[in-house]
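Next comes my_file_9.cif, a file with mmCIF, C-alpha atoms.
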data_protein
#
loop_
_atom_site.label_atom_id
_atom_site.label_comp_id
_atom_site.auth_asym_id
_atom_site.auth_seq_id
_atom_site.Cartn_x
_atom_site.Cartn_y
_atom_site.Cartn_z
CA MET A 1 -1.25 -1.27 11.37
CA SER A 2 1.73 -0.85 13.57
CA ALA A 3 5.33 0.13 13.93
CA GLN A 4 8.20 -2.09 12.89
CA ASP A 5 8.74 -5.31 14.81
CA ALA A 6 12.31 -6.11 15.73
CA ARG A 7 11.65 -9.12 17.94
CA GLY A 8 13.57 -12.35 17.78
CA PRO A 9 11.95 -15.62 16.63
CA GLU A 10 11.00 -16.80 20.14
CA GLU A 11 9.31 -13.59 21.08
CA PHE A 12 7.72 -13.50 17.66
CA GLU A 13 6.14 -16.90 18.31
CA ARG A 14 4.93 -15.80 21.74
CA HIS A 15 3.44 -12.71 20.16
CA TRP A 16 1.42 -14.82 17.78
CA SER A 17 0.18 -17.48 20.16
CA GLY A 18 -3.52 -18.18 20.10
CA ALA A 19 -4.60 -14.72 19.09
CA LEU A 20 -5.84 -15.37 15.58
CA PRO A 21 -8.38 -18.02 16.58
CA ALA A 22 -9.76 -15.65 19.22
CA MET A 23 -10.21 -12.93 16.61
CA ILE A 24 -11.78 -15.10 13.93
CA PRO A 25 -15.47 -14.74 14.99
CA LEU A 26 -15.10 -10.98 15.21
CA LEU A 27 -13.46 -10.72 11.81
CA GLU A 28 -15.69 -13.26 10.13
CA THR A 29 -18.74 -11.20 11.04
CA LEU A 30 -17.14 -8.11 9.58
CA ARG A 31 -16.02 -9.97 6.46
CA ILE A 32 -19.63 -10.98 5.82
CA GLU A 33 -20.80 -7.38 6.32
CA VAL A 34 -18.14 -6.16 3.90
CA ARG A 35 -19.16 -8.68 1.25
CA SER A 36 -22.86 -7.91 1.53
CA ALA A 37 -22.56 -4.11 1.59
CA SER A 38 -23.92 -2.04 -1.32
CA TRP A 39 -20.63 -0.20 -1.88
CA PHE A 40 -21.13 3.02 -3.87
CA ALA A 41 -24.50 1.85 -5.25
CA ALA A 42 -26.43 4.96 -4.14
CA LEU A 43 -23.92 7.71 -4.96
CA GLY A 44 -25.70 10.93 -5.90
CA GLU A 45 -29.18 9.55 -5.14
CA PRO A 46 -31.64 11.57 -3.00
CA LEU A 47 -31.04 11.08 0.73
CA SER A 48 -33.30 8.68 2.63
CA ASP A 49 -34.35 9.11 6.27
CA GLY A 50 -31.99 6.26 7.17
CA ASP A 51 -29.09 8.04 5.49
CA ARG A 52 -29.83 11.17 7.52
CA VAL A 53 -29.99 9.24 10.80
CA ASP A 54 -26.68 7.48 10.13
CA ALA A 55 -25.11 10.74 8.94
CA THR A 56 -26.09 12.48 12.18
CA ASP A 57 -24.97 9.53 14.33
CA TYR A 58 -21.65 9.44 12.54
CA SER A 59 -20.72 13.10 12.48
CA GLY A 60 -22.97 14.96 14.90
CA ALA A 61 -23.35 17.57 12.13
CA ALA A 62 -26.47 19.73 12.14
CA GLU A 63 -26.97 19.48 8.38
CA VAL A 64 -26.44 16.90 5.70
CA GLN A 65 -25.51 18.14 2.25
CA ARG A 66 -25.81 15.84 -0.74
CA VAL A 67 -23.46 16.06 -3.69
CA ALA A 68 -24.75 14.57 -6.92
CA SER A 69 -21.70 14.01 -9.13
CA TRP A 70 -18.10 12.81 -9.03
CA ALA A 71 -16.95 16.26 -10.13
CA GLU A 72 -18.65 17.88 -7.11
CA ALA A 73 -17.22 15.23 -4.80
CA GLU A 74 -13.70 15.74 -6.17
CA ALA A 75 -13.96 19.52 -5.75
CA PHE A 76 -14.96 19.13 -2.10
CA LEU A 77 -12.24 16.58 -1.35
CA LYS A 78 -9.54 18.83 -2.80
CA LEU A 79 -10.24 21.62 -0.31
CA THR A 80 -7.43 22.06 2.20
CA THR A 81 -9.70 23.65 4.78
CA THR A 82 -11.72 20.63 5.83
CA LEU A 83 -9.33 18.45 7.77
CA ASP A 84 -10.61 18.91 11.35
CA TRP A 85 -12.94 15.94 11.05
CA TRP A 86 -10.10 13.83 9.66
CA ASN A 87 -7.87 14.69 12.59
CA ARG A 88 -10.66 13.86 15.08
CA GLU A 89 -11.18 10.45 13.48
CA GLU A 90 -7.46 9.78 13.44
CA ALA A 91 -7.19 10.61 17.15
CA LEU A 92 -10.09 8.25 17.89
CA ARG A 93 -8.58 5.50 15.73
CA LYS A 94 -5.28 5.73 17.60
CA GLU A 95 -7.08 5.59 20.95
CA LEU A 96 -9.09 2.53 19.87
CA LEU A 97 -6.01 0.86 18.39
CA ALA A 98 -4.24 1.19 21.75
CA GLN A 99 -7.24 -0.43 23.44
CA ALA A 100 -7.29 -3.23 20.85
CA GLU A 101 -3.56 -3.83 21.32
CA ALA A 102 -4.21 -4.25 25.02
CA ARG A 103 -6.70 -7.03 24.22
CA TYR A 104 -4.80 -8.90 21.49
CA PRO A 105 -1.12 -9.63 20.79
CA GLU A 106 0.17 -6.85 18.55
CA ARG A 107 1.44 -8.97 15.67
CA ALA A 108 -1.70 -11.09 15.47
CA LEU A 109 -3.89 -7.99 15.54
CA TRP A 110 -1.78 -6.30 12.89
CA THR A 111 -1.84 -9.37 10.65
CA ALA A 112 -5.58 -9.79 10.97
CA LEU A 113 -6.27 -6.10 10.23
CA THR A 114 -3.88 -6.06 7.29
CA GLU A 115 -5.36 -9.16 5.69
CA LEU A 116 -8.94 -7.96 6.23
CA THR A 117 -8.19 -4.53 4.79
CA THR A 118 -6.30 -5.99 1.82
CA ASP A 119 -9.26 -8.21 0.89
CA ALA A 120 -11.74 -5.38 1.45
CA GLY A 121 -9.59 -2.98 -0.58
CA ASP A 122 -9.69 -5.22 -3.64
CA LEU A 123 -13.47 -5.66 -3.32
CA VAL A 124 -14.34 -1.97 -2.88
CA HIS A 125 -11.96 -0.92 -5.64
CA GLY A 126 -14.01 -2.93 -8.13
CA LYS A 127 -17.26 -1.53 -6.75
CA ALA A 128 -15.96 2.05 -7.02
CA ALA A 129 -14.89 1.43 -10.63
CA THR A 130 -18.35 0.07 -11.43
CA ALA A 131 -20.05 3.10 -9.89
CA ALA A 132 -17.73 5.49 -11.73
CA ALA A 133 -18.38 3.76 -15.07
CA ARG A 134 -22.13 3.83 -14.46
CA MET A 135 -22.28 7.50 -13.52
CA GLY A 136 -19.48 8.88 -15.73
CA GLY A 137 -17.43 11.98 -15.03
CA ALA A 138 -14.96 10.52 -12.52
CA ALA A 139 -11.24 11.20 -12.79
CA PRO A 140 -9.37 7.85 -12.93
CA ALA A 141 -7.56 8.62 -9.67
CA SER A 142 -10.91 9.19 -7.94
CA ILE A 143 -11.68 5.47 -8.14
CA HIS A 144 -8.56 4.86 -6.05
CA VAL A 145 -9.62 7.66 -3.67
CA ALA A 146 -13.06 6.07 -3.23
CA ALA A 147 -11.50 2.67 -2.63
CA GLY A 148 -9.12 4.20 -0.08
CA ALA A 149 -12.01 5.83 1.75
CA ALA A 150 -14.10 2.66 1.85
CA ALA A 151 -11.24 0.38 2.86
CA GLN A 152 -10.28 2.87 5.57
CA ALA A 153 -13.86 2.68 6.89
CA VAL A 154 -13.54 -1.12 7.10
CA TYR A 155 -10.21 -0.80 8.89
CA GLN A 156 -11.55 1.79 11.35
CA LEU A 157 -14.54 -0.42 12.16
CA ALA A 158 -12.33 -3.48 12.62
CA VAL A 159 -10.13 -1.53 15.04
CA ALA A 160 -13.18 -0.28 16.96
CA ARG A 161 -14.65 -3.76 17.27
CA ALA A 162 -11.29 -5.26 18.25
CA ALA A 163 -11.21 -2.59 20.99
CA GLY A 164 -14.68 -3.65 22.14
CA ALA A 165 -16.16 -0.24 21.27
CA SER A 166 -19.61 -1.18 20.04
CA ALA A 167 -20.99 2.37 19.80
CA SER A 168 -18.17 4.14 17.98
CA PRO A 169 -18.93 6.57 15.13
CA PHE A 170 -17.13 4.11 12.87
CA GLU A 171 -20.23 1.87 13.09
CA SER A 172 -22.49 4.53 11.56
CA LYS A 173 -19.79 5.55 9.08
CA PHE A 174 -19.64 1.95 7.86
CA ARG A 175 -23.47 1.83 7.67
CA LEU A 176 -23.41 4.82 5.31
CA PHE A 177 -20.95 3.00 3.04
CA ALA A 178 -22.95 -0.23 3.37
CA ALA A 179 -26.04 1.70 2.18
CA GLY A 180 -24.17 2.74 -0.97
CA ARG A 181 -23.20 6.27 0.13
CA TRP A 182 -19.81 7.90 0.57
CA PRO A 183 -19.41 10.37 3.48
CA LEU A 184 -16.91 12.89 2.09
CA GLY A 185 -16.24 14.88 5.24
CA VAL A 186 -17.48 17.65 7.46
CA ALA A 187 -17.34 21.34 6.59
CA GLY A 188 -18.46 23.58 9.43
CA SER A 189 -21.81 22.21 10.60
CA ARG A 190 -22.41 20.16 7.41
CA LEU A 191 -21.68 16.55 6.65
CA VAL A 192 -21.18 16.23 2.91
CA LEU A 193 -22.56 12.97 1.55
CA PHE A 194 -22.15 11.62 -1.99
CA MET B 195 21.45 -21.56 -18.99
CA SER B 196 18.67 -23.83 -17.79
CA ASP B 197 15.36 -24.65 -19.52
CA LEU B 198 13.66 -25.52 -16.24
CA VAL B 199 10.11 -24.21 -15.89
CA VAL B 200 8.23 -24.63 -12.60
CA LYS B 201 4.51 -24.17 -13.05
CA THR B 202 3.27 -24.72 -9.50
CA VAL B 203 4.38 -24.58 -5.88
CA GLU B 204 3.96 -28.36 -5.81
CA GLU B 205 6.41 -28.77 -8.72
CA LEU B 206 8.91 -26.57 -6.88
CA LYS B 207 9.48 -29.40 -4.38
CA ALA B 208 11.16 -31.41 -7.15
CA ALA B 209 13.33 -28.53 -8.40
CA PRO B 210 17.08 -28.39 -7.65
CA GLU B 211 18.01 -26.98 -4.25
CA GLU B 212 19.80 -23.99 -5.77
CA TYR B 213 16.64 -23.06 -7.69
CA ARG B 214 14.43 -23.42 -4.61
CA GLU B 215 16.76 -21.32 -2.49
CA ALA B 216 16.99 -18.63 -5.16
CA VAL B 217 13.20 -18.36 -5.45
CA ALA B 218 12.83 -18.29 -1.67
CA LYS B 219 15.36 -15.44 -1.40
CA LEU B 220 13.39 -13.36 -3.87
CA VAL B 221 10.05 -14.01 -2.20
CA ILE B 222 11.48 -13.14 1.22
CA SER B 223 13.12 -10.01 -0.13
CA HIS B 224 9.91 -8.76 -1.74
CA ALA B 225 7.77 -9.62 1.31
CA VAL B 226 10.12 -7.80 3.69
CA ASN B 227 10.75 -4.75 1.52
CA GLU B 228 7.08 -4.24 0.62
CA LEU B 229 6.28 -4.25 4.32
CA TYR B 230 9.14 -1.91 5.20
CA GLY B 231 8.04 0.49 2.47
CA ALA B 232 4.44 0.51 3.64
CA GLN B 233 5.42 1.03 7.28
CA VAL B 234 8.19 3.58 6.80
CA PHE B 235 6.79 5.64 3.94
CA ASP B 236 3.23 4.95 2.79
CA GLU B 237 1.35 4.79 6.07
CA PRO B 238 3.10 7.81 7.67
CA ALA B 239 2.51 9.80 4.45
CA ILE B 240 -1.25 9.79 5.06
CA ALA B 241 -0.73 12.33 7.85
CA TYR B 242 1.30 14.64 5.56
CA ALA B 243 -1.12 14.56 2.61
CA PRO B 244 -2.59 18.04 2.20
CA THR B 245 -6.25 17.29 1.36
CA PRO B 246 -8.79 14.53 2.01
CA TYR B 247 -8.44 13.55 -1.67
CA ALA B 248 -4.67 13.10 -1.31
CA LYS B 249 -5.10 11.36 2.06
CA TRP B 250 -7.49 8.72 0.72
CA LEU B 251 -5.39 8.23 -2.38
CA THR B 252 -2.39 7.68 -0.10
CA CYS B 253 -4.49 5.29 2.02
CA ARG B 254 -5.14 3.25 -1.11
CA VAL B 255 -1.44 3.24 -2.02
CA ALA B 256 -0.52 2.14 1.52
CA MET B 257 -3.12 -0.62 1.47
CA GLU B 258 -1.84 -1.87 -1.88
CA GLU B 259 1.73 -1.94 -0.60
CA TYR B 260 0.61 -3.87 2.49
CA GLY B 261 -1.34 -6.06 0.07
CA HIS B 262 1.83 -6.82 -1.90
CA HIS B 263 3.48 -7.92 1.33
CA VAL B 264 0.49 -10.14 2.10
CA ARG B 265 0.56 -11.73 -1.37
CA PHE B 266 4.31 -12.42 -1.30
CA LYS B 267 4.01 -13.76 2.23
CA GLN B 268 1.14 -16.04 1.20
CA LEU B 269 3.24 -17.43 -1.64
CA GLY B 270 6.14 -17.88 0.77
CA VAL B 271 3.94 -19.78 3.23
CA GLN B 272 2.79 -22.09 0.41
CA MET B 273 6.47 -22.70 -0.37
CA GLY B 274 7.14 -23.63 3.26
CA ILE B 275 9.00 -20.47 4.29
CA PRO B 276 8.40 -19.66 7.99
CA GLU B 277 6.33 -16.47 8.38
CA GLN B 278 8.85 -14.85 10.70
CA ARG B 279 11.43 -14.82 7.88
CA MET B 280 9.08 -12.66 5.81
CA VAL B 281 8.63 -9.73 8.20
CA PRO B 282 11.14 -7.04 9.21
CA GLY B 283 13.37 -7.77 12.17
CA ALA B 284 13.98 -11.41 11.37
CA GLY B 285 17.55 -11.13 10.17
CA LYS B 286 16.95 -9.70 6.69
CA LYS B 287 18.74 -6.38 6.43
CA PRO B 288 16.45 -3.71 4.97
CA LEU B 289 17.39 -1.48 2.07
CA SER B 290 19.22 1.60 3.35
CA ILE B 291 16.48 3.98 2.19
CA PHE B 292 14.19 2.56 4.89
CA GLU B 293 16.51 3.86 7.61
CA PHE B 294 15.34 7.42 6.97
CA PRO B 295 11.83 8.01 8.28
CA LEU B 296 9.59 10.22 6.20
CA LYS B 297 9.43 13.89 7.24
CA THR B 298 7.41 15.72 4.57
CA TRP B 299 4.81 15.29 1.84
CA GLU B 300 7.38 16.30 -0.79
CA GLU B 301 9.65 13.45 0.31
CA PHE B 302 6.80 11.01 -0.20
CA VAL B 303 6.06 12.38 -3.67
CA ALA B 304 9.75 12.08 -4.59
CA ILE B 305 9.80 8.49 -3.32
CA LYS B 306 6.74 7.56 -5.34
CA LEU B 307 8.17 9.27 -8.41
CA LEU B 308 11.58 7.57 -8.26
CA ALA B 309 11.66 4.68 -5.77
CA ASP B 310 8.48 3.19 -7.17
CA LEU B 311 10.03 3.37 -10.63
CA ALA B 312 12.84 1.22 -9.22
CA GLU B 313 10.20 -1.16 -7.90
CA ILE B 314 8.59 -1.31 -11.34
CA LEU B 315 11.91 -2.39 -12.85
CA GLN B 316 12.32 -5.09 -10.20
CA VAL B 317 8.82 -6.43 -10.89
CA GLU B 318 9.29 -6.16 -14.68
CA ASP B 319 12.27 -8.47 -14.38
CA LEU B 320 10.01 -11.14 -12.88
CA LEU B 321 7.33 -10.96 -15.59
CA HIS B 322 9.03 -13.81 -17.49
CA CYS B 323 10.22 -15.73 -14.42
CA THR B 324 10.48 -19.51 -14.85
CA PHE B 325 8.73 -20.02 -11.50
CA HIS B 326 5.20 -19.30 -12.67
CA PRO B 327 3.54 -18.57 -9.29
CA LEU B 328 6.11 -15.77 -8.83
CA ARG B 329 5.67 -14.64 -12.45
CA ASN B 330 1.89 -14.48 -11.94
CA LEU B 331 2.27 -12.54 -8.71
CA ALA B 332 4.53 -10.05 -10.52
CA ARG B 333 1.89 -9.64 -13.22
CA ALA B 334 -0.82 -9.03 -10.60
CA THR B 335 1.35 -6.51 -8.79
CA MET B 336 2.51 -4.54 -11.83
CA PRO B 337 -0.65 -2.43 -12.48
CA GLU B 338 -0.60 -1.27 -8.86
CA GLU B 339 3.09 -0.42 -9.01
CA ARG B 340 2.43 1.62 -12.15
CA PHE B 341 -0.37 3.45 -10.36
CA HIS B 342 1.99 4.29 -7.49
CA ALA B 343 4.57 5.74 -9.87
CA GLN B 344 1.79 7.68 -11.62
CA PHE B 345 0.76 9.00 -8.20
CA GLY B 346 4.33 10.35 -7.89
CA GLU B 347 4.07 11.98 -11.30
CA ASP B 348 0.63 13.51 -10.66
CA PHE B 349 1.63 15.11 -7.36
CA SER B 350 5.00 16.18 -8.78
CA ALA B 351 3.07 18.01 -11.50
CA GLU B 352 1.05 19.76 -8.78
CA LEU B 353 4.07 20.69 -6.67
CA VAL B 354 6.17 22.15 -9.50
CA LYS B 355 3.42 24.64 -10.35
CA THR B 356 4.93 27.00 -7.73
CA PRO B 357 8.62 27.89 -7.31
CA ASP B 358 8.44 27.04 -3.61
CA GLY B 359 6.81 23.67 -4.25
CA LYS B 360 9.36 22.84 -6.94
CA ALA B 361 12.26 23.78 -4.65
CA ARG B 362 10.93 21.57 -1.87
CA LEU B 363 10.43 18.65 -4.26
CA GLN B 364 13.93 19.10 -5.72
CA ALA B 365 15.37 19.10 -2.19
CA ALA B 366 13.56 15.83 -1.47
CA VAL B 367 14.88 14.32 -4.73
CA ASN B 368 18.39 15.41 -3.78
CA GLU B 369 18.04 13.73 -0.40
CA TYR B 370 16.65 10.37 -1.55
CA TRP B 371 18.13 9.85 -5.02
CA PRO B 372 21.62 8.79 -3.80
CA TYR B 373 20.12 5.70 -2.13
CA LEU B 374 18.11 4.46 -5.08
CA PRO B 375 20.66 3.05 -7.57
CA LYS B 376 21.83 0.73 -4.75
CA PHE B 377 18.41 -0.96 -4.91
CA PHE B 378 19.74 -3.07 -7.76
CA GLY B 379 22.49 -4.82 -5.86
CA GLY B 380 26.19 -5.33 -6.50
CA SER B 381 27.79 -5.54 -9.94
CA LYS B 382 29.28 -8.94 -9.15
CA SER B 383 26.32 -10.35 -7.24
CA ARG B 384 26.42 -14.14 -6.93
CA ASN B 385 22.68 -14.16 -6.28
CA ASN B 386 21.97 -12.34 -9.53
CA GLU B 387 24.16 -14.82 -11.39
CA ILE B 388 22.09 -17.69 -10.01
CA PHE B 389 18.80 -15.90 -10.75
CA ARG B 390 19.85 -15.49 -14.39
CA LYS B 391 21.23 -19.01 -14.67
CA TRP B 392 17.76 -20.35 -13.87
CA LYS B 393 15.95 -17.54 -15.76
CA ILE B 394 14.22 -16.52 -12.57
CA LYS B 395 15.38 -13.00 -13.41
CA GLN B 396 16.45 -11.78 -16.80
CA ARG B 397 18.95 -8.94 -16.46
CA THR B 398 22.20 -8.20 -14.61
CA ASN B 399 22.10 -5.74 -11.73
CA ASP B 400 24.15 -3.26 -13.75
CA GLU B 401 21.82 -3.50 -16.76
CA MET B 402 18.83 -2.79 -14.53
CA ARG B 403 20.58 0.04 -12.74
CA GLU B 404 21.56 1.66 -16.05
CA ASP B 405 18.00 1.39 -17.33
CA PHE B 406 16.66 2.81 -14.06
CA VAL B 407 18.97 5.84 -14.15
CA LYS B 408 17.94 6.52 -17.77
CA ARG B 409 14.21 6.28 -17.02
CA ALA B 410 14.48 8.22 -13.76
CA THR B 411 16.38 11.01 -15.49
CA GLU B 412 13.65 11.19 -18.14
CA VAL B 413 10.78 11.25 -15.66
CA ALA B 414 12.48 13.86 -13.46
CA ALA B 415 13.11 16.06 -16.50
CA LYS B 416 9.39 16.02 -17.33
CA TYR B 417 8.85 18.04 -14.16
CA GLY B 418 11.94 20.25 -14.50
CA LEU B 419 13.81 18.27 -11.83
CA THR B 420 17.42 17.13 -11.90
CA LEU B 421 19.10 14.14 -10.28
CA PRO B 422 22.30 14.70 -8.32
CA GLU B 423 25.44 12.85 -9.40
CA VAL B 424 25.97 9.61 -7.48
CA ARG B 425 28.34 6.67 -7.68
CA LEU B 426 26.23 4.06 -9.47
CA ALA B 427 27.80 0.71 -8.64
CA ALA B 428 26.71 -0.71 -5.29
#
Please express what this file holds, its structure, as structure tokens.
Amino acid sequence: MSAQDARGPEEFERHWSGALPAMIPLLETLRIEVRSASWFAALGEPLSDGDRVDATDYSGAAEVQRVASWAEAEAFLKLTTTLDWWNREEALRKELLAQAEARYPERALWTALTELTTDAGDLVHGKAATAAARMGGAAPASIHVAAGAAAQAVYQLAVARAAGASASPFESKFRLFAAGRWPLGVAGSRLVLF
Amino acid sequence: MSDLVVKTVEELKAAPEEYREAVAKLVISHAVNELYGAQVFDEPAIAYAPTPYAKWLTCRVAMEEYGHHVRFKQLGVQMGIPEQRMVPGAGKKPLSIFEFPLKTWEEFVAIKLLADLAEILQVEDLLHCTFHPLRNLARATMPEERFHAQFGEDFSAELVKTPDGKARLQAAVNEYWPYLPKFFGGSKSRNNEIFRKWKIKQRTNDEMREDFVKRATEVAAKYGLTLPEVRLAA
């Protein structure tokens, strides 16, 4: 997503030209991955070896801690002391977005990311609601929180791929979501996984 | 008053020019303002949110606001409106509230509490619109707008638990409230007259503004907040 655009119609047109077709293969692949992912299907389940590998790839944390309920997840997410990992990801996202903007016209990139994230947001919202109903114990707002987290993961991955960064941590973060998990954040040397 | 009902975008082509122009104005206005709101308030607010829970909730709100822009723009494209008329910077003057970039979390909570209530009223007025694609879009948007206003209420309830938090929220309300009644347009708006003539919208700007002030006063009072006196007519 980007800052406001105050260009005139001619520059607007130039900004658009040809960029969407060039991005379509990249985004189509991601759209298919989004549709086929097992969003929130394994919340609270015992961790598999694959989960641990992706968790380590994603965060570099020495330990992986599982939480088993929505109440535990909510309690962790409401801590104010665990934002370092968020700030690191945000710094990386901004860096990758700048690289992506160097490869694609800004408006076309922004439009493509917005439309992808909007579609993904609606999909993952339904999946989060299903998981919450199945497991019980979730605050209504937590469904929106889960959907925000998952749609953000899609957006981060789209930005990384648009930047040409094939080995970013956003790949392994997305794989955790695609495997039905929800990485909640990093506290000290622990990645907390729902 | 007209009995015209337009059930599809295809049928719109045969509608009177005044009707088509009126519908296009509304679609453009919603597309532009939803995008402004997302860019100026919702997306920057993610950085100010105090916990991961609040950050992801704000992410979801921002994505839904961008989504509203996308949906209005898609309807506009189907109606033949050029895309560049439905994004900021293409001649449509934004609402004055968008000229004040967000500075704190409390400002965002105040905006969700009060400005999103104004948005709810605007969308409510389209729920019986005679142009059914716009009516249906309003109906799809409404649950999300209600969630955004509830977000404002939930975080207001958190903030007012401490005297300091309540003072900061009240200061934010004092700063933003004066701009909000103007959302509803002028008392003698020619556009509003045309919207009502064709039953695209239902109420006068003054009726909506009066209702908004009443509901905003009630919701602010729930959290021990007051609204500063402002001149109501735009």
(request) Grab the CA of Leu421 in chain B to CA of Leu308 in chain B distance for me, in Å with one decimal place. (result)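 A separation of 10.2 Å between them.
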Picked residues, the PyMOL selection byres ((chain A) within 6 of (chain B)), as a PDB file with C-alpha atoms, keeping the file's coordinate frame:
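The result, stored in result_22.pdb:
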ATOM      1  CA  ASP A   5       8.740  -5.310  14.810  1.00  0.00           C
ATOM      2  CA  ALA A   6      12.310  -6.110  15.730  1.00  0.00           C
ATOM      3  CA  LEU A  77     -12.240  16.580  -1.350  1.00  0.00           C
ATOM      4  CA  LYS A  78      -9.540  18.830  -2.800  1.00  0.00           C
ATOM      5  CA  THR A  80      -7.430  22.060   2.200  1.00  0.00           C
ATOM      6  CA  THR A 118      -6.300  -5.990   1.820  1.00  0.00           C
ATOM      7  CA  HIS A 144      -8.560   4.860  -6.050  1.00  0.00           C
ATOM      8  CA  VAL A 145      -9.620   7.660  -3.670  1.00  0.00           C
ATOM      9  CA  GLY A 148      -9.120   4.200  -0.080  1.00  0.00           C
ATOM     10  CA  ALA A 149     -12.010   5.830   1.750  1.00  0.00           C
TER      11      ALA A 149
END
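For the choices B:Leu311, B:Val424, B:Val367, B:Met280, the atom-to-atom distance to Asn227 in chain B is smallest for B:Met280 when using all atoms listed in the file.
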(message) Nearest residue to Gly136 in chain A out of A:Ala179, A:Leu47, A:Ala71, A:Ala167, using all atoms listed in the file?
(response)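 Ranking A:Ala179, A:Leu47, A:Ala71, A:Ala167 by distance to Gly136 in chain A, first place goes to A:Ala71.
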Residues at most 10 Å from Thr117 in chain A, counting all atoms listed in the file, excluding those fewer than 6 positions away in the same chain, as a short mmCIF file (atom, residue, chain, number, x, y, z; two decimals) with C-alpha atoms, in the frame of the given file?
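Printed below is around12.cif as written:
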data_model
loop_
_atom_site.label_atom_id
_atom_site.label_comp_id
_atom_site.auth_asym_id
_atom_site.auth_seq_id
_atom_site.Cartn_x
_atom_site.Cartn_y
_atom_site.Cartn_z
CA ARG A 31 -16.02 -9.97 6.46
CA THR A 111 -1.84 -9.37 10.65
CA LEU A 123 -13.47 -5.66 -3.32
CA ALA A 150 -14.10 2.66 1.85
CA ALA A 151 -11.24 0.38 2.86
CA GLN A 152 -10.28 2.87 5.57
CA ALA A 153 -13.86 2.68 6.89
CA VAL A 154 -13.54 -1.12 7.10
CA TYR A 155 -10.21 -0.80 8.89
CA GLN A 156 -11.55 1.79 11.35
CA ALA A 158 -12.33 -3.48 12.62
CA MET B 257 -3.12 -0.62 1.47
CA GLU B 258 -1.84 -1.87 -1.88
CA TYR B 260 0.61 -3.87 2.49
CA GLY B 261 -1.34 -6.06 0.07
#
Do a neighbour search on Ser350 in chain B at 12 Å with only C-alpha atoms, toss out local chain neighbours closer than 4 positions, and write the hits as a CSV table (one decimal) with C-alpha atoms, in the frame of the given file.
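Produced file selection-v7.csv, reproduced below:
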chain,number,residue,atom,x,y,z
B,299,TRP,CA,4.8,15.3,1.8
B,300,GLU,CA,7.4,16.3,-0.8
B,301,GLU,CA,9.6,13.4,0.3
B,302,PHE,CA,6.8,11.0,-0.2
B,303,VAL,CA,6.1,12.4,-3.7
B,304,ALA,CA,9.8,12.1,-4.6
B,305,ILE,CA,9.8,8.5,-3.3
B,306,LYS,CA,6.7,7.6,-5.3
B,307,LEU,CA,8.2,9.3,-8.4
B,308,LEU,CA,11.6,7.6,-8.3
B,343,ALA,CA,4.6,5.7,-9.9
B,344,GLN,CA,1.8,7.7,-11.6
B,345,PHE,CA,0.8,9.0,-8.2
B,346,GLY,CA,4.3,10.4,-7.9
B,354,VAL,CA,6.2,22.2,-9.5
B,355,LYS,CA,3.4,24.6,-10.4
B,356,THR,CA,4.9,27.0,-7.7
B,359,GLY,CA,6.8,23.7,-4.2
B,360,LYS,CA,9.4,22.8,-6.9
B,361,ALA,CA,12.3,23.8,-4.6
B,362,ARG,CA,10.9,21.6,-1.9
B,363,LEU,CA,10.4,18.6,-4.3
B,364,GLN,CA,13.9,19.1,-5.7
B,366,ALA,CA,13.6,15.8,-1.5
B,367,VAL,CA,14.9,14.3,-4.7
B,413,VAL,CA,10.8,11.2,-15.7
B,414,ALA,CA,12.5,13.9,-13.5
B,415,ALA,CA,13.1,16.1,-16.5
B,416,LYS,CA,9.4,16.0,-17.3
B,417,TYR,CA,8.8,18.0,-14.2
B,418,GLY,CA,11.9,20.2,-14.5
B,419,LEU,CA,13.8,18.3,-11.8
Take range 309-314 of chain B, bring it up to N, CA, C and O atoms, and give me the output as a tab-separated table (two decimals), keeping the file's coordinate frame.
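And here is the file that came out, part09.tsv:
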chain	number	residue	atom	x	y	z
B	309	ALA	N	11.46	6.00	-6.38
B	309	ALA	CA	11.66	4.68	-5.77
B	309	ALA	C	10.66	3.67	-6.33
B	309	ALA	O	10.98	2.48	-6.51
B	310	ASP	N	9.45	4.14	-6.62
B	310	ASP	CA	8.48	3.19	-7.17
B	310	ASP	C	8.80	2.84	-8.62
B	310	ASP	O	8.41	1.78	-9.10
B	311	LEU	N	9.53	3.72	-9.30
B	311	LEU	CA	10.03	3.37	-10.63
B	311	LEU	C	11.06	2.24	-10.50
B	311	LEU	O	11.07	1.29	-11.31
B	312	ALA	N	11.89	2.31	-9.48
B	312	ALA	CA	12.84	1.22	-9.22
B	312	ALA	C	12.10	-0.08	-8.94
B	312	ALA	O	12.48	-1.16	-9.41
B	313	GLU	N	11.01	0.03	-8.20
B	313	GLU	CA	10.20	-1.16	-7.90
B	313	GLU	C	9.59	-1.73	-9.17
B	313	GLU	O	9.53	-2.95	-9.35
B	314	ILE	N	9.15	-0.85	-10.07
B	314	ILE	CA	8.59	-1.31	-11.34
B	314	ILE	C	9.63	-2.13	-12.11
B	314	ILE	O	9.33	-3.19	-12.64
